[in-house]
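Asks: Sharing model-v3.cif, mmCIF, C-alpha atoms:
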```cif
data_work
loop_
_atom_site.group_PDB
_atom_site.id
_atom_site.type_symbol
_atom_site.label_atom_id
_atom_site.label_comp_id
_atom_site.auth_asym_id
_atom_site.auth_seq_id
_atom_site.Cartn_x
_atom_site.Cartn_y
_atom_site.Cartn_z
ATOM 1 C CA GLU P 1 7.435 -1.420 12.132
ATOM 2 C CA GLN P 2 8.122 2.117 13.288
ATOM 3 C CA PRO P 3 8.607 4.640 10.487
ATOM 4 C CA ALA P 4 11.919 6.434 10.191
ATOM 5 C CA GLN P 5 11.749 10.055 11.310
ATOM 6 C CA PRO P 6 13.946 12.265 9.113
ATOM 7 C CA GLU P 7 13.904 16.044 9.363
ATOM 8 C CA GLN P 8 10.427 17.509 9.459
ATOM 9 C CA GLY P 9 9.259 18.929 6.128
ATOM 10 C CA ALA P 10 12.302 17.628 4.213
ATOM 11 C CA GLY P 11 11.306 19.050 0.827
ATOM 12 C CA PHE P 12 7.684 17.889 0.871
ATOM 13 C CA PRO P 13 4.787 20.332 0.568
ATOM 14 C CA ASP P 14 2.001 20.562 3.087
ATOM 15 C CA TYR P 15 -1.261 18.975 1.948
ATOM 16 C CA VAL P 16 -4.806 20.212 2.346
ATOM 17 C CA VAL P 17 -7.849 17.953 2.488
ATOM 18 C CA THR P 18 -11.096 19.558 1.328
ATOM 19 C CA SER P 19 -14.570 18.480 0.310
ATOM 20 C CA THR P 20 -16.273 19.712 -2.846
ATOM 21 C CA GLY P 21 -19.679 18.456 -1.741
ATOM 22 C CA SER P 22 -22.246 19.033 0.960
ATOM 23 C CA ASP P 23 -20.818 16.184 3.073
ATOM 24 C CA SER P 24 -18.478 18.329 5.201
ATOM 25 C CA ASP P 25 -20.867 17.956 8.155
ATOM 26 C CA GLU P 26 -20.309 14.167 8.270
ATOM 27 C CA VAL P 27 -18.124 13.100 11.197
ATOM 28 C CA VAL P 28 -15.552 11.217 9.091
ATOM 29 C CA ILE P 29 -15.250 14.051 6.575
ATOM 30 C CA ARG P 30 -14.882 16.607 9.413
ATOM 31 C CA THR P 31 -12.156 14.412 10.888
ATOM 32 C CA LEU P 32 -10.161 14.367 7.627
ATOM 33 C CA LEU P 33 -10.584 18.014 6.570
ATOM 34 C CA GLY P 34 -7.647 20.286 7.260
ATOM 35 C CA GLU P 35 -3.949 20.829 6.733
ATOM 36 C CA TYR P 36 -1.311 18.091 6.917
ATOM 37 C CA LYS P 37 2.432 18.586 7.454
ATOM 38 C CA HIS P 38 5.250 16.209 6.535
ATOM 39 C CA ALA P 39 6.026 13.988 9.531
ATOM 40 C CA GLY P 40 8.605 11.487 8.236
ATOM 41 C CA MET P 41 8.717 8.530 5.881
ATOM 42 C CA ASN P 42 6.932 5.167 5.811
ATOM 43 C CA HIS P 43 7.470 2.403 3.226
ATOM 44 C CA ASP P 44 9.608 4.746 1.093
ATOM 45 C CA ARG P 45 6.900 7.409 0.855
ATOM 46 C CA PRO P 46 6.333 10.640 2.787
ATOM 47 C CA MET P 47 3.789 10.570 5.589
ATOM 48 C CA PHE P 48 1.840 13.499 6.946
ATOM 49 C CA LYS P 49 0.143 14.440 10.212
ATOM 50 C CA LYS P 50 -2.915 16.676 10.482
ATOM 51 C CA VAL P 51 -2.278 20.058 12.047
ATOM 52 C CA LEU P 52 -4.553 20.418 15.057
ATOM 53 C CA GLN P 53 -6.033 23.894 15.366
ATOM 54 C CA THR P 54 -6.954 23.453 19.037
ATOM 55 C CA ALA P 55 -6.207 20.339 21.078
ATOM 56 C CA ARG P 56 -9.202 19.042 23.008
ATOM 57 C CA ALA P 57 -9.924 15.844 24.903
ATOM 58 C CA SER P 58 -12.030 14.674 21.949
ATOM 59 C CA THR P 59 -9.316 15.454 19.374
ATOM 60 C CA VAL P 60 -7.741 12.516 17.568
ATOM 61 C CA ASP P 61 -4.484 12.395 15.632
ATOM 62 C CA VAL P 62 -4.922 11.872 11.896
ATOM 63 C CA TYR P 63 -2.114 10.552 9.694
ATOM 64 C CA LEU P 64 -1.934 10.337 5.905
ATOM 65 C CA TYR P 65 0.506 7.590 4.921
ATOM 66 C CA TYR P 66 1.408 4.913 2.382
ATOM 67 C CA TRP P 67 1.396 1.171 3.107
ATOM 68 C CA ASP P 68 3.141 -1.197 0.690
ATOM 69 C CA HIS P 69 2.129 -4.680 -0.502
ATOM 70 C CA ARG P 70 3.642 -6.604 2.457
ATOM 71 C CA ASP P 71 0.165 -7.437 3.815
ATOM 72 C CA GLY P 72 -1.367 -8.132 0.393
ATOM 73 C CA ALA P 73 -2.824 -6.053 -2.419
ATOM 74 C CA THR P 74 -5.951 -5.213 -0.407
ATOM 75 C CA PHE P 75 -3.913 -3.161 2.061
ATOM 76 C CA GLU P 76 -1.537 -1.509 -0.405
ATOM 77 C CA GLY P 77 -2.065 2.194 -0.988
ATOM 78 C CA TRP P 78 -2.596 5.474 0.820
ATOM 79 C CA TRP P 79 -4.464 5.628 4.126
ATOM 80 C CA PHE P 80 -5.947 8.051 6.640
ATOM 81 C CA GLY P 81 -5.680 6.550 10.135
ATOM 82 C CA ASN P 82 -5.145 7.485 13.765
ATOM 83 C CA GLN P 83 -1.645 5.988 13.653
ATOM 84 C CA VAL P 84 0.716 4.868 10.906
ATOM 85 C CA GLY P 85 0.130 1.197 10.097
ATOM 86 C CA GLY P 86 -2.600 0.847 12.691
ATOM 87 C CA THR P 87 -5.848 -1.052 12.431
ATOM 88 C CA SER P 88 -8.101 1.992 12.924
ATOM 89 C CA VAL P 89 -8.530 3.813 9.630
ATOM 90 C CA TRP P 90 -11.044 6.186 8.034
ATOM 91 C CA SER P 91 -10.172 6.117 4.344
ATOM 92 C CA HIS P 92 -8.092 4.265 1.708
ATOM 93 C CA CYS P 93 -6.946 4.980 -1.843
ATOM 94 C CA ALA P 94 -5.566 2.049 -3.858
ATOM 95 C CA SER P 95 -2.663 3.924 -5.428
ATOM 96 C CA SER P 96 1.093 3.361 -5.313
ATOM 97 C CA SER P 97 1.896 6.950 -6.327
ATOM 98 C CA ALA P 98 4.950 8.620 -4.784
ATOM 99 C CA THR P 99 2.777 11.274 -3.126
ATOM 100 C CA PRO P 100 -0.814 11.244 -1.838
ATOM 101 C CA PRO P 101 -3.344 10.956 -4.684
ATOM 102 C CA ASP P 102 -5.849 13.774 -5.106
ATOM 103 C CA ALA P 103 -8.943 11.629 -5.661
ATOM 104 C CA ASN P 104 -10.468 8.121 -5.505
ATOM 105 C CA TRP P 105 -10.550 7.917 -1.704
ATOM 106 C CA LYS P 106 -12.893 5.275 -0.280
ATOM 107 C CA ILE P 107 -14.924 6.053 2.863
ATOM 108 C CA PRO P 108 -15.097 3.786 4.770
ATOM 109 C CA TRP P 109 -11.803 2.184 3.729
ATOM 110 C CA ASP P 110 -13.622 -0.799 2.181
ATOM 111 C CA GLY P 111 -16.597 1.214 0.919
ATOM 112 C CA ALA P 112 -17.336 3.297 -2.159
ATOM 113 C CA VAL P 113 -15.106 6.026 -3.577
ATOM 114 C CA ARG P 114 -16.100 9.423 -2.179
ATOM 115 C CA ALA P 115 -15.712 11.742 -5.181
ATOM 116 C CA THR P 116 -16.041 14.875 -3.035
ATOM 117 C CA LEU P 117 -12.867 14.268 -0.977
ATOM 118 C CA ILE P 118 -9.859 16.082 -2.459
ATOM 119 C CA VAL P 119 -6.249 15.776 -1.245
ATOM 120 C CA ALA P 120 -3.920 18.369 -2.772
ATOM 121 C CA PRO P 121 -0.600 20.106 -2.110
ATOM 122 C CA LYS P 122 -1.215 23.359 -0.276
ATOM 123 C CA ALA P 123 -0.984 26.387 -2.537
ATOM 124 C CA ALA P 124 0.784 29.478 -1.259
ATOM 125 C CA GLY P 125 -1.596 31.435 0.935
ATOM 126 C CA GLN P 126 -4.321 28.760 0.854
ATOM 127 C CA GLN P 127 -6.335 28.328 4.025
ATOM 128 C CA ALA P 128 -7.310 24.827 5.086
ATOM 129 C CA GLN P 129 -11.043 24.077 5.166
ATOM 130 C CA GLN P 130 -11.938 23.546 8.803
ATOM 131 C CA PRO P 131 -15.037 21.900 10.184
ATOM 132 C CA GLU P 132 -17.443 24.424 11.688
ATOM 133 C CA SER P 133 -17.718 22.678 15.043
ATOM 134 C CA LEU P 134 -14.224 21.583 16.037
ATOM 135 C CA GLY P 135 -15.334 20.836 19.582
ATOM 136 C CA GLN P 136 -17.657 17.954 18.710
ATOM 137 C CA GLN P 137 -16.780 14.448 19.812
ATOM 138 C CA VAL P 138 -15.095 12.387 17.072
ATOM 139 C CA PRO P 139 -15.884 8.663 17.252
ATOM 140 C CA PRO P 140 -13.145 6.081 16.792
ATOM 141 C CA PRO P 141 -12.375 5.224 13.154
ATOM 142 C CA GLN P 142 -13.597 2.076 11.427
ATOM 143 C CA GLN P 143 -11.761 -1.068 12.477
ATOM 144 C CA GLN P 144 -9.664 -2.856 9.900
ATOM 145 C CA GLN P 145 -8.293 -6.370 10.092
ATOM 146 C CA GLN P 146 -4.666 -5.833 9.128
ATOM 147 C CA GLN P 147 -1.539 -7.595 10.239
ATOM 148 C CA GLN P 148 1.336 -5.463 11.419
#
```
Please re-express this file's structure in C-alpha coordinates.

Replies:
Amino acid sequence: EQPAQPEQGAGFPDYVVTSTGSDSDEVVIRTLLGEYKHAGMNHDRPMFKKVLQTARASTVDVYLYYWDHRDGATFEGWWFGNQVGGTSVWSHCASSSATPPDANWKIPWDGAVRATLIVAPKAAGQQAQQPESLGQQVPPPQQQQQQQ
(Lines of atoms letter the chains of each structure in order from A and count residues from 1; the text may use other names and numbers.)
(Lines give C-alpha, C1' and ligand atoms only; values in the text may rest on other atoms or scores of the structure.)
Protein backbone atom coordinates (compact mmCIF):
# COMPACT_ATOMS: atom_id res chain seq x y z
CA GLU A 1 0.00 0.00 0.00
CA GLN A 2 1.39 3.38 -0.96
CA PRO A 3 0.95 6.09 1.67
CA ALA A 4 -1.11 9.15 0.82
CA GLN A 5 1.01 12.24 0.24
CA PRO A 6 -0.72 15.35 1.61
CA GLU A 7 1.01 18.72 1.79
CA GLN A 8 4.50 18.54 3.22
CA GLY A 9 4.73 19.60 6.86
CA ALA A 10 0.94 19.88 7.29
CA GLY A 11 1.01 21.01 10.92
CA PHE A 12 3.48 18.42 12.18
CA PRO A 13 6.76 19.40 13.85
CA ASP A 14 10.12 18.22 12.66
CA TYR A 15 11.66 15.49 14.82
CA VAL A 16 15.23 15.05 15.97
CA VAL A 17 16.81 11.71 16.80
CA THR A 18 19.67 11.86 19.30
CA SER A 19 21.64 9.49 21.48
CA THR A 20 22.30 10.13 25.16
CA GLY A 21 24.98 7.46 25.36
CA SER A 22 28.39 6.66 23.96
CA ASP A 23 26.86 4.53 21.17
CA SER A 24 26.70 7.29 18.53
CA ASP A 25 29.67 5.69 16.73
CA GLU A 26 27.66 2.51 16.01
CA VAL A 27 26.59 2.24 12.37
CA VAL A 28 22.86 1.81 13.09
CA ILE A 29 22.81 4.70 15.57
CA ARG A 30 24.72 6.93 13.09
CA THR A 31 22.16 5.99 10.45
CA LEU A 32 19.22 7.07 12.64
CA LEU A 33 20.68 10.26 14.15
CA GLY A 34 19.52 13.51 12.60
CA GLU A 35 16.53 15.62 11.69
CA TYR A 36 13.30 14.26 10.20
CA LYS A 37 10.67 16.26 8.29
CA HIS A 38 7.01 15.40 7.79
CA ALA A 39 6.62 13.49 4.51
CA GLY A 40 2.95 12.44 4.43
CA MET A 41 0.68 10.02 6.23
CA ASN A 42 0.68 6.24 6.65
CA HIS A 43 -1.95 4.19 8.52
CA ASP A 44 -3.55 7.38 9.87
CA ARG A 45 -0.31 8.65 11.43
CA PRO A 46 2.28 11.16 10.21
CA MET A 47 5.44 9.78 8.64
CA PHE A 48 8.80 11.47 8.47
CA LYS A 49 11.88 11.33 6.24
CA LYS A 50 15.42 12.01 7.43
CA VAL A 51 16.95 15.20 6.10
CA LEU A 52 20.15 14.31 4.27
CA GLN A 53 22.95 16.78 4.93
CA THR A 54 24.97 15.69 1.89
CA ALA A 55 23.86 13.04 -0.59
CA ARG A 56 26.52 10.43 -1.31
CA ALA A 57 26.51 7.09 -3.09
CA SER A 58 26.56 5.38 0.31
CA THR A 59 23.65 7.45 1.68
CA VAL A 60 20.41 5.62 2.42
CA ASP A 61 16.94 7.06 2.89
CA VAL A 62 15.59 6.71 6.43
CA TYR A 63 11.87 6.90 7.20
CA LEU A 64 10.13 7.10 10.58
CA TYR A 65 6.59 5.75 10.23
CA TYR A 66 3.71 3.93 11.93
CA TRP A 67 2.43 0.49 10.88
CA ASP A 68 -0.95 -0.70 12.17
CA HIS A 69 -2.07 -4.17 13.29
CA ARG A 70 -2.94 -5.50 9.80
CA ASP A 71 0.08 -7.84 9.84
CA GLY A 72 -0.33 -8.84 13.49
CA ALA A 73 0.62 -7.36 16.85
CA THR A 74 4.33 -8.10 16.32
CA PHE A 75 4.51 -5.59 13.48
CA GLU A 76 2.29 -2.88 14.97
CA GLY A 77 4.06 0.27 16.09
CA TRP A 78 6.59 2.85 14.98
CA TRP A 79 9.49 1.92 12.71
CA PHE A 80 12.72 3.26 11.24
CA GLY A 81 13.26 1.74 7.79
CA ASN A 82 14.66 2.51 4.36
CA GLN A 83 11.13 2.67 2.93
CA VAL A 84 7.64 2.89 4.40
CA GLY A 85 6.25 -0.60 4.99
CA GLY A 86 9.36 -2.29 3.66
CA THR A 87 11.10 -5.36 4.97
CA SER A 88 14.41 -3.63 5.72
CA VAL A 89 14.23 -1.90 9.09
CA TRP A 90 16.64 -0.71 11.77
CA SER A 91 14.44 -0.09 14.80
CA HIS A 92 10.91 -0.66 16.20
CA CYS A 93 8.87 0.77 19.07
CA ALA A 94 5.71 -1.12 20.07
CA SER A 95 3.51 1.94 20.56
CA SER A 96 0.26 3.03 18.93
CA SER A 97 0.72 6.68 19.91
CA ALA A 98 -0.45 9.37 17.47
CA THR A 99 3.10 10.69 17.08
CA PRO A 100 6.52 9.03 17.31
CA PRO A 101 7.33 7.92 20.87
CA ASP A 102 10.40 9.42 22.53
CA ALA A 103 11.79 6.21 24.03
CA ASN A 104 11.61 2.39 24.12
CA TRP A 105 13.10 1.86 20.66
CA LYS A 106 14.46 -1.63 20.01
CA ILE A 107 17.69 -2.06 18.01
CA PRO A 108 17.63 -4.33 16.10
CA TRP A 109 13.86 -4.28 15.60
CA ASP A 110 13.47 -7.62 17.42
CA GLY A 111 16.24 -6.97 19.95
CA ALA A 112 16.50 -5.16 23.26
CA VAL A 113 15.27 -1.63 23.97
CA ARG A 114 18.07 0.89 23.43
CA ALA A 115 17.55 3.39 26.26
CA THR A 116 19.99 5.89 24.75
CA LEU A 117 17.96 6.53 21.56
CA ILE A 118 15.69 9.57 21.92
CA VAL A 119 13.10 10.74 19.36
CA ALA A 120 11.69 14.19 20.11
CA PRO A 121 9.99 17.12 18.38
CA LYS A 122 12.59 19.64 17.28
CA ALA A 123 12.78 22.65 19.57
CA ALA A 124 13.16 26.08 18.03
CA GLY A 125 16.79 26.65 17.15
CA GLN A 126 17.85 23.08 18.02
CA GLN A 127 20.57 21.57 15.87
CA ALA A 128 20.31 17.92 14.92
CA GLN A 129 23.06 15.64 16.24
CA GLN A 130 25.01 14.48 13.21
CA PRO A 131 27.39 11.56 12.99
CA GLU A 132 31.01 12.69 12.82
CA SER A 133 31.83 10.72 9.68
CA LEU A 134 28.92 11.15 7.29
CA GLY A 135 30.91 9.71 4.41
CA GLN A 136 31.24 6.19 5.82
CA GLN A 137 29.48 3.32 4.11
CA VAL A 138 26.15 2.41 5.74
CA PRO A 139 25.29 -1.30 5.50
CA PRO A 140 21.79 -2.41 4.58
CA PRO A 141 19.35 -2.56 7.52
CA GLN A 142 18.33 -5.77 9.25
CA GLN A 143 15.93 -7.91 7.25
CA GLN A 144 12.44 -8.41 8.60
CA GLN A 145 9.91 -11.01 7.52
CA GLN A 146 6.80 -8.90 7.04
CA GLN A 147 3.95 -9.24 4.62
CA GLN A 148 2.98 -6.19 2.63

Asks: Quick one: apply the PyMOL selection byres ((chain P and resi 51) around 12) to the file and drop the selected residues here as a PDB file with C-alpha atoms, keeping the file's coordinate frame.

Replies:
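Final output, saved to expr-v2.pdb:
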```pdb
ATOM      1  CA  ASP P  14       2.001  20.562   3.087  1.00  0.00           C
ATOM      2  CA  TYR P  15      -1.261  18.975   1.948  1.00  0.00           C
ATOM      3  CA  VAL P  16      -4.806  20.212   2.346  1.00  0.00           C
ATOM      4  CA  VAL P  17      -7.849  17.953   2.488  1.00  0.00           C
ATOM      5  CA  THR P  31     -12.156  14.412  10.888  1.00  0.00           C
ATOM      6  CA  LEU P  32     -10.161  14.367   7.627  1.00  0.00           C
ATOM      7  CA  LEU P  33     -10.584  18.014   6.570  1.00  0.00           C
ATOM      8  CA  GLY P  34      -7.647  20.286   7.260  1.00  0.00           C
ATOM      9  CA  GLU P  35      -3.949  20.829   6.733  1.00  0.00           C
ATOM     10  CA  TYR P  36      -1.311  18.091   6.917  1.00  0.00           C
ATOM     11  CA  LYS P  37       2.432  18.586   7.454  1.00  0.00           C
ATOM     12  CA  HIS P  38       5.250  16.209   6.535  1.00  0.00           C
ATOM     13  CA  ALA P  39       6.026  13.988   9.531  1.00  0.00           C
ATOM     14  CA  PHE P  48       1.840  13.499   6.946  1.00  0.00           C
ATOM     15  CA  LYS P  49       0.143  14.440  10.212  1.00  0.00           C
ATOM     16  CA  LYS P  50      -2.915  16.676  10.482  1.00  0.00           C
ATOM     17  CA  LEU P  52      -4.553  20.418  15.057  1.00  0.00           C
ATOM     18  CA  GLN P  53      -6.033  23.894  15.366  1.00  0.00           C
ATOM     19  CA  THR P  54      -6.954  23.453  19.037  1.00  0.00           C
ATOM     20  CA  ALA P  55      -6.207  20.339  21.078  1.00  0.00           C
ATOM     21  CA  THR P  59      -9.316  15.454  19.374  1.00  0.00           C
ATOM     22  CA  VAL P  60      -7.741  12.516  17.568  1.00  0.00           C
ATOM     23  CA  ASP P  61      -4.484  12.395  15.632  1.00  0.00           C
ATOM     24  CA  VAL P  62      -4.922  11.872  11.896  1.00  0.00           C
ATOM     25  CA  TYR P  63      -2.114  10.552   9.694  1.00  0.00           C
ATOM     26  CA  LEU P  64      -1.934  10.337   5.905  1.00  0.00           C
ATOM     27  CA  ALA P 128      -7.310  24.827   5.086  1.00  0.00           C
ATOM     28  CA  GLN P 129     -11.043  24.077   5.166  1.00  0.00           C
ATOM     29  CA  GLN P 130     -11.938  23.546   8.803  1.00  0.00           C
TER      30      GLN P 130
END
```

Asks: Could you work out how far CA of Trp79 (chain P) lies from CA of Val27 (chain P), giving the answer in Å with one decimal?

Replies: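 Here the two named atoms are 17.1 Å from each other.
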
Asks: Determine the residue membership of the PyMOL selection byres ((chain P and resi 105) around 9) for the file above and supply it as number ranges by chain.

Replies: P: 78-79, 91-94, 101-104, 106-109, 112-119

Asks: Could you turn the residues from that selection into a file that holds C-alpha atoms, as a PDB file, in the frame of the given file?

Replies:
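Once written, again20.pdb looks like this:
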```pdb
ATOM      1  CA  TRP P  78      -2.596   5.474   0.820  1.00  0.00           C
ATOM      2  CA  TRP P  79      -4.464   5.628   4.126  1.00  0.00           C
ATOM      3  CA  SER P  91     -10.172   6.117   4.344  1.00  0.00           C
ATOM      4  CA  HIS P  92      -8.092   4.265   1.708  1.00  0.00           C
ATOM      5  CA  CYS P  93      -6.946   4.980  -1.843  1.00  0.00           C
ATOM      6  CA  ALA P  94      -5.566   2.049  -3.858  1.00  0.00           C
ATOM      7  CA  PRO P 101      -3.344  10.956  -4.684  1.00  0.00           C
ATOM      8  CA  ASP P 102      -5.849  13.774  -5.106  1.00  0.00           C
ATOM      9  CA  ALA P 103      -8.943  11.629  -5.661  1.00  0.00           C
ATOM     10  CA  ASN P 104     -10.468   8.121  -5.505  1.00  0.00           C
ATOM     11  CA  LYS P 106     -12.893   5.275  -0.280  1.00  0.00           C
ATOM     12  CA  ILE P 107     -14.924   6.053   2.863  1.00  0.00           C
ATOM     13  CA  PRO P 108     -15.097   3.786   4.770  1.00  0.00           C
ATOM     14  CA  TRP P 109     -11.803   2.184   3.729  1.00  0.00           C
ATOM     15  CA  ALA P 112     -17.336   3.297  -2.159  1.00  0.00           C
ATOM     16  CA  VAL P 113     -15.106   6.026  -3.577  1.00  0.00           C
ATOM     17  CA  ARG P 114     -16.100   9.423  -2.179  1.00  0.00           C
ATOM     18  CA  ALA P 115     -15.712  11.742  -5.181  1.00  0.00           C
ATOM     19  CA  THR P 116     -16.041  14.875  -3.035  1.00  0.00           C
ATOM     20  CA  LEU P 117     -12.867  14.268  -0.977  1.00  0.00           C
ATOM     21  CA  ILE P 118      -9.859  16.082  -2.459  1.00  0.00           C
ATOM     22  CA  VAL P 119      -6.249  15.776  -1.245  1.00  0.00           C
TER      23      VAL P 119
END
```

Asks: Which distance in Å separates CA of Asn42 (chain P) and CA of Ala120 (chain P), to one decimal?

Replies: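 A separation of 19.1 Å between them.
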
Asks: Can you work out the spacing between CA of Thr99 (chain P) and CA of Arg45 (chain P) in Å, to one decimal?

Replies: 6.9 Å

Asks: For region 109-118 of chain P, take all atoms listed in the file, fit an axis-aligned box around them, add 6 Å to each of the six sides, then output centre and edge lengths in Å rounded to one decimal, as AutoDock Vina command-line options.

Replies:
```
--center_x -13.6 --center_y 7.6 --center_z -0.7 --size_x 19.5 --size_y 28.9 --size_z 20.9
```

Asks: Between P:Ala123, P:Pro13, P:Gly111, P:Arg70, which is the closest to Gly85 (chain P) once you count only C-alpha atoms?

Replies: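 Of P:Ala123, P:Pro13, P:Gly111, P:Arg70, the one nearest Gly85 (chain P), counting only C-alpha atoms, is P:Arg70.
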
Asks: Give me the residues near region 73-77 of chain P as JSON, numbers by chain, where near means some atom within 6 Å (using only C-alpha atoms) and where sequence neighbours in that chain fewer than 5 positions away do not count.

Replies: {"P": [66, 67, 68, 93, 94, 95, 96]}
